[in-house]
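Here is the file entry_16.cif (mmCIF, C-alpha atoms).
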data_structure
loop_
_atom_site.label_atom_id
_atom_site.label_comp_id
_atom_site.auth_asym_id
_atom_site.auth_seq_id
_atom_site.Cartn_x
_atom_site.Cartn_y
_atom_site.Cartn_z
CA MET A 1 36.08 -26.91 4.60
CA THR A 2 35.65 -23.41 6.02
CA ILE A 3 32.41 -21.57 5.60
CA ARG A 4 32.43 -17.95 6.61
CA VAL A 5 30.01 -15.19 5.83
CA LEU A 6 30.42 -11.72 7.29
CA ALA A 7 27.42 -9.45 7.02
CA LEU A 8 25.85 -6.42 8.59
CA LEU A 9 22.36 -6.77 10.00
CA LYS A 10 19.44 -4.62 8.87
CA ASN A 11 20.37 -1.99 11.49
CA ASN A 12 23.74 -1.61 9.65
CA LYS A 13 25.55 -1.61 12.99
CA THR A 14 25.87 -5.22 14.06
CA ALA A 15 28.37 -7.44 12.24
CA ILE A 16 27.37 -11.09 12.03
CA ASP A 17 29.78 -13.91 11.38
CA ILE A 18 28.27 -17.08 9.92
CA GLY A 19 30.57 -20.06 10.20
CA GLU A 20 30.76 -23.76 10.88
CA ALA A 21 29.74 -24.79 14.41
CA GLY A 22 32.49 -25.90 16.77
CA ALA A 23 32.69 -27.59 20.16
CA ALA A 24 32.76 -24.17 21.85
CA ASP A 25 29.30 -23.38 20.42
CA ILE A 26 27.47 -26.44 21.74
CA ASP A 27 26.46 -25.08 25.16
CA ALA A 28 24.93 -22.00 23.53
CA VAL A 29 23.19 -24.14 20.86
CA VAL A 30 21.74 -26.43 23.56
CA ALA A 31 20.55 -23.40 25.55
CA LEU A 32 18.96 -21.73 22.52
CA ASP A 33 17.25 -24.95 21.44
CA ALA A 34 16.01 -25.53 25.01
CA GLU A 35 14.67 -21.97 25.17
CA ILE A 36 12.60 -22.64 22.05
CA THR A 37 11.58 -26.29 22.43
CA GLY A 38 11.51 -26.50 26.23
CA THR A 39 13.84 -29.53 26.25
CA ALA A 40 17.64 -29.49 26.70
CA LYS A 41 19.28 -32.13 24.45
CA PRO A 42 23.05 -31.97 24.99
CA GLU A 43 23.73 -35.50 23.67
CA TYR A 44 21.69 -34.87 20.53
CA TRP A 45 23.55 -31.65 19.68
CA SER A 46 26.97 -33.17 20.43
CA ASP A 47 26.08 -35.98 18.05
CA ILE A 48 24.96 -33.51 15.37
CA LEU A 49 28.24 -31.63 15.80
CA LYS A 50 30.19 -34.87 15.35
CA ARG A 51 28.24 -35.96 12.26
CA TYR A 52 27.69 -32.62 10.50
CA THR A 53 31.00 -30.79 10.82
CA GLY A 54 34.73 -31.26 10.19
CA SER A 55 35.75 -34.33 8.27
CA ASN A 56 32.09 -35.19 7.57
CA GLN A 57 31.80 -32.33 5.07
CA HIS A 58 32.21 -34.79 2.17
CA MET A 59 28.78 -36.08 3.24
CA LYS A 60 27.38 -32.67 2.23
CA ARG A 61 26.21 -31.95 5.77
CA TYR A 62 26.17 -28.49 7.33
CA PHE A 63 25.87 -27.15 10.86
CA LEU A 64 26.30 -23.37 10.72
CA VAL A 65 26.07 -20.82 13.51
CA ALA A 66 25.66 -17.04 13.58
CA ARG A 67 27.80 -15.12 16.03
CA SER A 68 27.92 -11.44 16.91
CA GLU A 69 30.56 -9.75 19.02
CA LYS A 70 27.91 -8.27 21.30
CA ASP A 71 25.57 -11.25 21.80
CA GLY A 72 27.73 -14.30 21.05
CA LEU A 73 25.82 -17.13 19.38
CA THR A 74 22.55 -15.75 18.02
CA GLY A 75 21.33 -18.59 15.81
CA PHE A 76 22.08 -21.82 13.99
CA VAL A 77 20.98 -23.90 11.02
CA VAL A 78 21.49 -27.58 10.22
CA GLY A 79 20.97 -29.28 6.88
CA GLU A 80 22.23 -31.88 4.47
CA VAL A 81 21.93 -33.07 0.91
CA ARG A 82 19.77 -36.17 0.60
CA ALA A 83 19.24 -38.25 -2.50
CA TRP A 84 16.76 -40.74 -3.96
CA GLU A 85 14.30 -40.88 -1.09
CA PHE A 86 11.17 -42.14 -2.85
CA GLY A 87 12.75 -41.27 -6.18
CA SER A 88 13.70 -37.68 -5.31
CA PRO A 89 16.89 -36.49 -7.06
CA PRO A 90 19.49 -35.00 -4.69
CA CYS A 91 18.01 -32.04 -2.82
CA GLY A 92 18.90 -29.93 0.19
CA TRP A 93 17.14 -30.54 3.49
CA VAL A 94 17.08 -28.08 6.35
CA PHE A 95 15.93 -29.68 9.57
CA ALA A 96 16.79 -27.14 12.25
CA LEU A 97 16.93 -23.35 12.23
CA SER A 98 16.69 -21.18 15.33
CA VAL A 99 17.41 -17.57 16.21
CA ARG A 100 17.43 -16.22 19.78
CA SER A 101 14.14 -14.45 20.44
CA GLU A 102 15.83 -11.13 21.31
CA ASN A 103 17.79 -11.20 18.03
CA ARG A 104 14.84 -11.89 15.70
CA GLU A 105 13.56 -9.68 12.87
CA GLN A 106 17.09 -8.43 12.13
CA GLY A 107 17.78 -10.77 9.22
CA ILE A 108 19.88 -13.40 11.05
CA GLY A 109 17.62 -16.31 10.02
CA ASN A 110 17.80 -15.12 6.42
CA LEU A 111 21.64 -14.94 6.55
CA LEU A 112 21.86 -18.46 7.99
CA PHE A 113 19.40 -19.89 5.47
CA GLU A 114 21.11 -18.17 2.52
CA ALA A 115 24.55 -19.38 3.69
CA LEU A 116 23.19 -22.94 3.76
CA CYS A 117 21.60 -22.51 0.30
CA THR A 118 24.91 -21.20 -1.08
CA GLU A 119 26.77 -24.30 0.16
CA MET A 120 24.10 -26.62 -1.18
CA LYS A 121 24.10 -24.95 -4.59
CA LYS A 122 27.85 -25.67 -4.72
CA ASP A 123 26.93 -29.32 -4.08
CA GLY A 124 24.84 -29.23 -7.25
CA VAL A 125 21.31 -29.30 -5.85
CA ASP A 126 18.60 -26.99 -7.15
CA THR A 127 15.89 -27.50 -4.52
CA ILE A 128 15.77 -27.09 -0.76
CA ARG A 129 13.12 -28.69 1.45
CA THR A 130 12.08 -28.70 5.04
CA MET A 131 9.38 -30.12 7.29
CA VAL A 132 7.79 -27.92 9.95
CA LEU A 133 5.06 -28.60 12.49
CA GLY A 134 1.79 -27.26 11.09
CA THR A 135 1.21 -25.17 14.22
CA ASP A 136 4.75 -23.70 14.33
CA LYS A 137 3.72 -20.33 12.96
CA ILE A 138 7.11 -18.64 13.38
CA ASN A 139 9.11 -21.23 11.44
CA LEU A 140 6.37 -21.77 8.84
CA SER A 141 6.05 -18.08 8.10
CA PHE A 142 9.85 -17.70 8.08
CA PHE A 143 10.29 -20.40 5.42
CA ARG A 144 7.36 -19.01 3.41
CA GLY A 145 9.08 -15.64 3.55
CA GLU A 146 12.23 -17.29 2.17
CA GLY A 147 10.21 -18.45 -0.84
CA LEU A 148 9.44 -22.06 0.17
CA ALA A 149 5.97 -23.38 -0.70
CA SER A 150 4.18 -26.75 -0.76
CA GLY A 151 6.04 -29.18 -2.98
CA PRO A 152 5.26 -32.46 -4.70
CA TYR A 153 5.87 -34.58 -1.57
CA VAL A 154 3.37 -35.01 1.27
CA GLU A 155 4.30 -35.86 4.85
CA LEU A 156 2.38 -38.87 6.20
CA GLU A 157 2.63 -40.61 9.56
CA ARG A 158 0.86 -43.00 11.91
CA ARG A 159 1.16 -43.92 15.53
CA LEU A 160 2.83 -47.24 16.27
CA ASP A 161 0.44 -48.38 19.00
CA MET B 162 -12.71 -23.38 -0.21
CA LYS B 163 -13.95 -20.07 -1.54
CA LEU B 164 -13.03 -16.94 0.41
CA HIS B 165 -15.95 -14.72 1.38
CA LYS B 166 -16.11 -11.14 0.19
CA ALA B 167 -15.65 -9.97 3.81
CA SER B 168 -12.23 -11.70 3.93
CA GLN B 169 -11.11 -9.94 0.76
CA TYR B 170 -12.31 -6.60 2.12
CA ALA B 171 -10.51 -7.27 5.42
CA LEU B 172 -7.26 -7.94 3.54
CA TYR B 173 -7.64 -4.81 1.42
CA ALA B 174 -8.20 -2.76 4.58
CA VAL B 175 -5.38 -4.27 6.64
CA LEU B 176 -2.85 -4.04 3.80
CA HIS B 177 -3.93 -0.48 3.00
CA LEU B 178 -3.47 0.56 6.63
CA ALA B 179 -0.18 -1.34 6.91
CA SER B 180 1.19 0.45 3.84
CA ASP B 181 1.64 3.50 6.10
CA ALA B 182 1.27 2.42 9.70
CA ASP B 183 1.71 5.97 11.07
CA LYS B 184 -1.11 7.38 8.98
CA LYS B 185 -4.84 7.15 9.69
CA PHE B 186 -7.29 6.24 6.95
CA SER B 187 -11.10 6.44 6.96
CA THR B 188 -13.42 3.71 5.75
CA ALA B 189 -14.31 6.00 2.84
CA ASP B 190 -10.61 6.34 1.85
CA ILE B 191 -10.17 2.58 1.75
CA ALA B 192 -13.49 1.85 0.02
CA ALA B 193 -12.64 4.41 -2.69
CA SER B 194 -9.16 2.95 -3.23
CA TYR B 195 -10.52 -0.53 -3.94
CA ASP B 196 -13.88 0.48 -5.42
CA ILE B 197 -15.89 -1.51 -2.87
CA SER B 198 -19.06 -0.95 -0.83
CA ILE B 199 -18.41 1.45 2.06
CA HIS B 200 -21.35 -0.04 3.98
CA HIS B 201 -19.98 -3.60 3.76
CA LEU B 202 -16.45 -2.42 4.54
CA ALA B 203 -17.64 -0.55 7.66
CA LYS B 204 -18.91 -3.83 9.15
CA VAL B 205 -15.62 -5.53 8.34
CA MET B 206 -13.68 -2.67 9.98
CA ARG B 207 -15.62 -3.09 13.23
CA THR B 208 -14.71 -6.78 13.30
CA LEU B 209 -11.03 -6.00 12.65
CA VAL B 210 -11.00 -3.50 15.52
CA ARG B 211 -12.52 -6.14 17.83
CA SER B 212 -9.84 -8.63 16.82
CA GLY B 213 -7.09 -6.06 17.63
CA LEU B 214 -5.55 -5.96 14.15
CA ILE B 215 -6.49 -2.33 13.62
CA GLU B 216 -7.21 0.59 15.96
CA SER B 217 -9.94 3.14 15.69
CA VAL B 218 -8.80 6.70 16.37
CA ARG B 219 -11.64 9.06 17.26
CA GLY B 220 -11.95 12.82 16.86
CA VAL B 221 -10.99 15.31 14.14
CA GLY B 222 -8.68 13.63 11.64
CA GLY B 223 -9.66 10.27 13.11
CA GLY B 224 -9.77 7.01 11.24
CA TYR B 225 -8.13 3.62 11.46
CA ARG B 226 -4.53 2.57 12.01
CA PHE B 227 -2.78 -0.80 11.58
CA ALA B 228 -1.95 -2.32 14.97
CA GLY B 229 -0.11 -5.48 13.88
CA ASN B 230 3.27 -6.44 12.43
CA ILE B 231 3.32 -7.07 8.69
CA ARG B 232 6.14 -9.63 9.16
CA ARG B 233 4.18 -11.56 11.78
CA THR B 234 0.48 -11.09 10.98
CA THR B 235 -0.74 -13.98 8.84
CA LEU B 236 -3.51 -14.38 6.32
CA TRP B 237 -5.40 -16.51 8.85
CA ASP B 238 -5.08 -13.79 11.54
CA VAL B 239 -6.95 -11.44 9.20
CA ILE B 240 -9.62 -13.72 7.75
CA HIS B 241 -10.44 -16.13 10.56
CA GLU B 242 -13.27 -13.93 11.85
CA PHE B 243 -14.96 -14.19 8.45
CA GLU B 244 -14.29 -17.80 7.47
CA SER B 245 -15.13 -21.22 8.79
CA LEU B 246 -12.82 -24.10 8.04
CA ASP B 247 -15.44 -26.64 8.98
CA SER B 248 -15.98 -28.24 5.56
CA GLY B 249 -18.51 -30.74 6.88
CA ILE B 250 -20.55 -33.27 4.89
CA ASP B 251 -24.07 -32.69 3.67
CA SER B 252 -25.61 -35.87 5.12
CA PRO B 253 -28.73 -36.63 7.20
CA ASP B 254 -28.33 -36.69 11.01
CA ASP B 255 -29.64 -40.24 11.39
CA VAL B 256 -27.05 -42.09 9.28
CA SER B 257 -26.47 -45.68 10.40
CA GLY B 258 -25.01 -49.01 9.27
CA ASN B 259 -22.80 -49.03 6.16
CA ALA B 260 -23.49 -45.37 5.44
CA GLU B 261 -22.21 -44.42 8.89
CA VAL B 262 -18.85 -46.08 8.16
CA VAL B 263 -18.48 -44.11 4.92
CA ILE B 264 -19.55 -40.83 6.56
CA ASN B 265 -17.10 -41.36 9.44
CA GLY B 266 -14.30 -41.99 6.93
CA LEU B 267 -15.21 -38.89 4.94
CA ASP B 268 -15.41 -36.84 8.12
CA SER B 269 -11.82 -37.76 8.95
CA VAL B 270 -10.68 -36.81 5.41
CA MET B 271 -12.49 -33.44 5.59
CA LYS B 272 -10.88 -32.69 8.97
CA GLU B 273 -7.45 -33.41 7.45
CA ILE B 274 -8.15 -31.05 4.54
CA ASP B 275 -9.34 -28.34 6.96
CA GLY B 276 -6.16 -28.77 9.04
CA LEU B 277 -3.96 -28.35 5.96
CA SER B 278 -5.94 -25.30 4.83
CA ARG B 279 -5.57 -23.73 8.27
CA SER B 280 -1.79 -24.42 8.38
CA THR B 281 -1.32 -22.92 4.93
CA LEU B 282 -3.31 -19.77 5.68
CA ASP B 283 -1.53 -19.36 9.01
CA SER B 284 1.93 -19.69 7.44
CA ILE B 285 1.67 -16.79 5.00
CA THR B 286 2.38 -13.37 6.48
CA LEU B 287 1.03 -10.18 4.92
CA LYS B 288 4.55 -9.39 3.71
CA THR B 289 4.83 -12.78 1.96
CA LEU B 290 1.33 -12.42 0.50
CA LEU B 291 2.31 -9.11 -1.10
CA ARG B 292 5.44 -10.72 -2.54
CA TYR B 293 3.36 -13.56 -4.04
CA GLY B 294 1.10 -10.92 -5.59
CA VAL B 295 3.99 -8.97 -7.10
CA ASP B 296 5.72 -12.14 -8.35
CA ASN B 297 2.52 -13.37 -10.02
CA LEU B 298 1.93 -10.00 -11.69
CA GLU B 299 5.51 -9.93 -13.00
CA ARG B 300 5.13 -13.50 -14.32
CA ASP B 301 1.85 -12.64 -16.05
CA ASN B 302 3.27 -9.54 -17.75
#
Just dump the structure as structure tokens.
Amino acid sequence: MTIRVLALLKNNKTAIDIGEAGAADIDAVVALDAEITGTAKPEYWSDILKRYTGSNQHMKRYFLVARSEKDGLTGFVVGEVRAWEFGSPPCGWVFALSVRSENREQGIGNLLFEALCTEMKKDGVDTIRTMVLGTDKINLSFFRGEGLASGPYVELERRLD
Amino acid sequence: MKLHKASQYALYAVLHLASDADKKFSTADIAASYDISIHHLAKVMRTLVRSGLIESVRGVGGGYRFAGNIRRTTLWDVIHEFESLDSGIDSPDDVSGNAEVVINGLDSVMKEIDGLSRSTLDSITLKTLLRYGVDNLERDN
């Protein structure tokens, strides 16, 4: 399956190409993720590439990247359709979304998120969910800005000491 | 949680100033726009200047100017100077025995509620807040 979205950013000058991630994108994805989280995880991202692209598309999994001619890879999003977790009908999950700090506030995150939503709508789901660290102000406010709000499920956890 | 009047006034002021970030507005302009006490608003404005969200411009034609970013400044950034998220429990200081166990349990629950309140308030930018307001108005009409 090929996913391609071509769009102009808010400045009306920069063309952005949203498409499926490929092996050539992984170094840039690892670097962007490391810039944001402080930890480089090459094995993790290679594994995500293997499981979320190419022939795994029938699993309704998506790993999309945003590229511009000038800056190369500027952002990425990863998500999948999950079903029947604690009774939840199939819904879209987004579990990673990052945009390079120097490319923020231009609408790239919105393009990536909307491209993911478009694919998931085609899969027949009508809800998209995510889970964000309560102190991660940038991602929380981004998803709020995209219209996400508290839903009927509550995240719970405990330490396994 | 019930928001104090000062928080509402702070939001009126910040959103009013942010509506035209290049323009300066006086306390009187803002108070008149929202039909609120100029005296109370003046105190709120001083606090907002201290927190760096707005700037005071002195001299002829002076007033206040928005100094933040409407896409980044959150509800919590604006109201945290006026609100406490320490819900607390109205219990005597010298609780002991079985009561202490219950109070400790309740204390942990209240802290969790406060944490969720803080996360929610800190996740909604001024831009998103305005959209919620417009969406609700459109739904109601």
Practice task
Can you turn the PyMOL selection byres ((chain A) within 12 of (chain B)) into a concrete residue list for this file, as a PyMOL selection string?
Solution key: chain A and resi 104-107+132-150+154-156
Contact residues around region 25-36 of chain A with only C-alpha atoms at 12 Å, ignoring same-chain residues under 4 positions, as an mmCIF file with C-alpha atoms, in the frame of the given file:
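Just written: result07.cif:
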data_model
loop_
_atom_site.group_PDB
_atom_site.id
_atom_site.type_symbol
_atom_site.label_atom_id
_atom_site.label_comp_id
_atom_site.auth_asym_id
_atom_site.auth_seq_id
_atom_site.Cartn_x
_atom_site.Cartn_y
_atom_site.Cartn_z
ATOM 1 C CA GLY A 19 30.570 -20.060 10.200
ATOM 2 C CA GLU A 20 30.760 -23.760 10.880
ATOM 3 C CA ALA A 21 29.740 -24.790 14.410
ATOM 4 C CA ALA A 40 17.640 -29.490 26.700
ATOM 5 C CA LYS A 41 19.280 -32.130 24.450
ATOM 6 C CA PRO A 42 23.050 -31.970 24.990
ATOM 7 C CA GLU A 43 23.730 -35.500 23.670
ATOM 8 C CA TYR A 44 21.690 -34.870 20.530
ATOM 9 C CA TRP A 45 23.550 -31.650 19.680
ATOM 10 C CA SER A 46 26.970 -33.170 20.430
ATOM 11 C CA ASP A 47 26.080 -35.980 18.050
ATOM 12 C CA ILE A 48 24.960 -33.510 15.370
ATOM 13 C CA LEU A 49 28.240 -31.630 15.800
ATOM 14 C CA LYS A 50 30.190 -34.870 15.350
ATOM 15 C CA PHE A 63 25.870 -27.150 10.860
ATOM 16 C CA LEU A 64 26.300 -23.370 10.720
ATOM 17 C CA VAL A 65 26.070 -20.820 13.510
ATOM 18 C CA ALA A 66 25.660 -17.040 13.580
ATOM 19 C CA ARG A 67 27.800 -15.120 16.030
ATOM 20 C CA ASP A 71 25.570 -11.250 21.800
ATOM 21 C CA GLY A 72 27.730 -14.300 21.050
ATOM 22 C CA LEU A 73 25.820 -17.130 19.380
ATOM 23 C CA THR A 74 22.550 -15.750 18.020
ATOM 24 C CA GLY A 75 21.330 -18.590 15.810
ATOM 25 C CA PHE A 76 22.080 -21.820 13.990
ATOM 26 C CA VAL A 77 20.980 -23.900 11.020
ATOM 27 C CA VAL A 78 21.490 -27.580 10.220
ATOM 28 C CA ALA A 96 16.790 -27.140 12.250
ATOM 29 C CA LEU A 97 16.930 -23.350 12.230
ATOM 30 C CA SER A 98 16.690 -21.180 15.330
ATOM 31 C CA VAL A 99 17.410 -17.570 16.210
ATOM 32 C CA ARG A 100 17.430 -16.220 19.780
ATOM 33 C CA SER A 101 14.140 -14.450 20.440
ATOM 34 C CA GLU A 102 15.830 -11.130 21.310
ATOM 35 C CA ASN A 103 17.790 -11.200 18.030
ATOM 36 C CA ASP A 136 4.750 -23.700 14.330
ATOM 37 C CA ILE A 138 7.110 -18.640 13.380
ATOM 38 C CA ASN A 139 9.110 -21.230 11.440
#
Determine the residue set returned by the PyMOL selection byres ((chain B and resi 174) around 9) for the present structure, and present it as a short mmCIF file (atom, residue, chain, number, x, y, z; two decimals) with C-alpha atoms, in the coordinates of the input.
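That gives us expr-v5.cif:
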data_model
loop_
_atom_site.label_atom_id
_atom_site.label_comp_id
_atom_site.auth_asym_id
_atom_site.auth_seq_id
_atom_site.Cartn_x
_atom_site.Cartn_y
_atom_site.Cartn_z
CA GLN B 169 -11.11 -9.94 0.76
CA TYR B 170 -12.31 -6.60 2.12
CA ALA B 171 -10.51 -7.27 5.42
CA LEU B 172 -7.26 -7.94 3.54
CA TYR B 173 -7.64 -4.81 1.42
CA VAL B 175 -5.38 -4.27 6.64
CA LEU B 176 -2.85 -4.04 3.80
CA HIS B 177 -3.93 -0.48 3.00
CA LEU B 178 -3.47 0.56 6.63
CA ALA B 179 -0.18 -1.34 6.91
CA THR B 188 -13.42 3.71 5.75
CA ILE B 191 -10.17 2.58 1.75
CA ALA B 192 -13.49 1.85 0.02
CA LEU B 202 -16.45 -2.42 4.54
CA VAL B 205 -15.62 -5.53 8.34
CA MET B 206 -13.68 -2.67 9.98
#
Handout entry: Reference answer for the PyMOL selection byres ((chain A and resi 60) around 10), as a ChimeraX atom specification
Key = /A:52-53,56-59,61-62,79-82,92,119-120,122-123
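Each of B:Trp237, B:Lys185, B:Asp254, B:Gly266 was checked against Val218 (chain B) using only C-alpha atoms; the smallest atom-to-atom distance is that of B:Lys185.
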Fill in the blank from the handout: As a check of understanding: the span from CA of Val210 (chain B) to CA of Tyr225 (chain B) is 8.7 Å
Would you compute an axis-aligned box for region 89-98 of chain A, covering every atom listed for it in the file with 8 Å of margin on each side, and report centre and edge lengths in Å to one decimal as AutoDock Vina command-line options?
--center_x 17.7 --center_y -28.8 --center_z 4.1 --size_x 19.6 --size_y 31.3 --size_z 38.4
Problem - CA of Gly258 (chain B) to CA of Leu160 (chain A), straight-line distance in Å - result: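 Computed distance, CA of Leu160 (chain A) to CA of Gly258 (chain B), equals 28.8 Å.
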Problem - Atom pair CA of Thr37 (chain A) / CA of Phe95 (chain A): separation (Å) - result: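 Separating CA of Thr37 (chain A) from CA of Phe95 (chain A) is a distance of 14.0 Å.
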Practice task
Using all atoms listed in the file, find the one residue out of A:Ile108, A:Glu114, A:Cys91, A:Tyr153 that sits nearest to Asp126 (chain A).
Solution key: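 Ranked by minimum distance to Asp126 (chain A), first place goes to A:Cys91.
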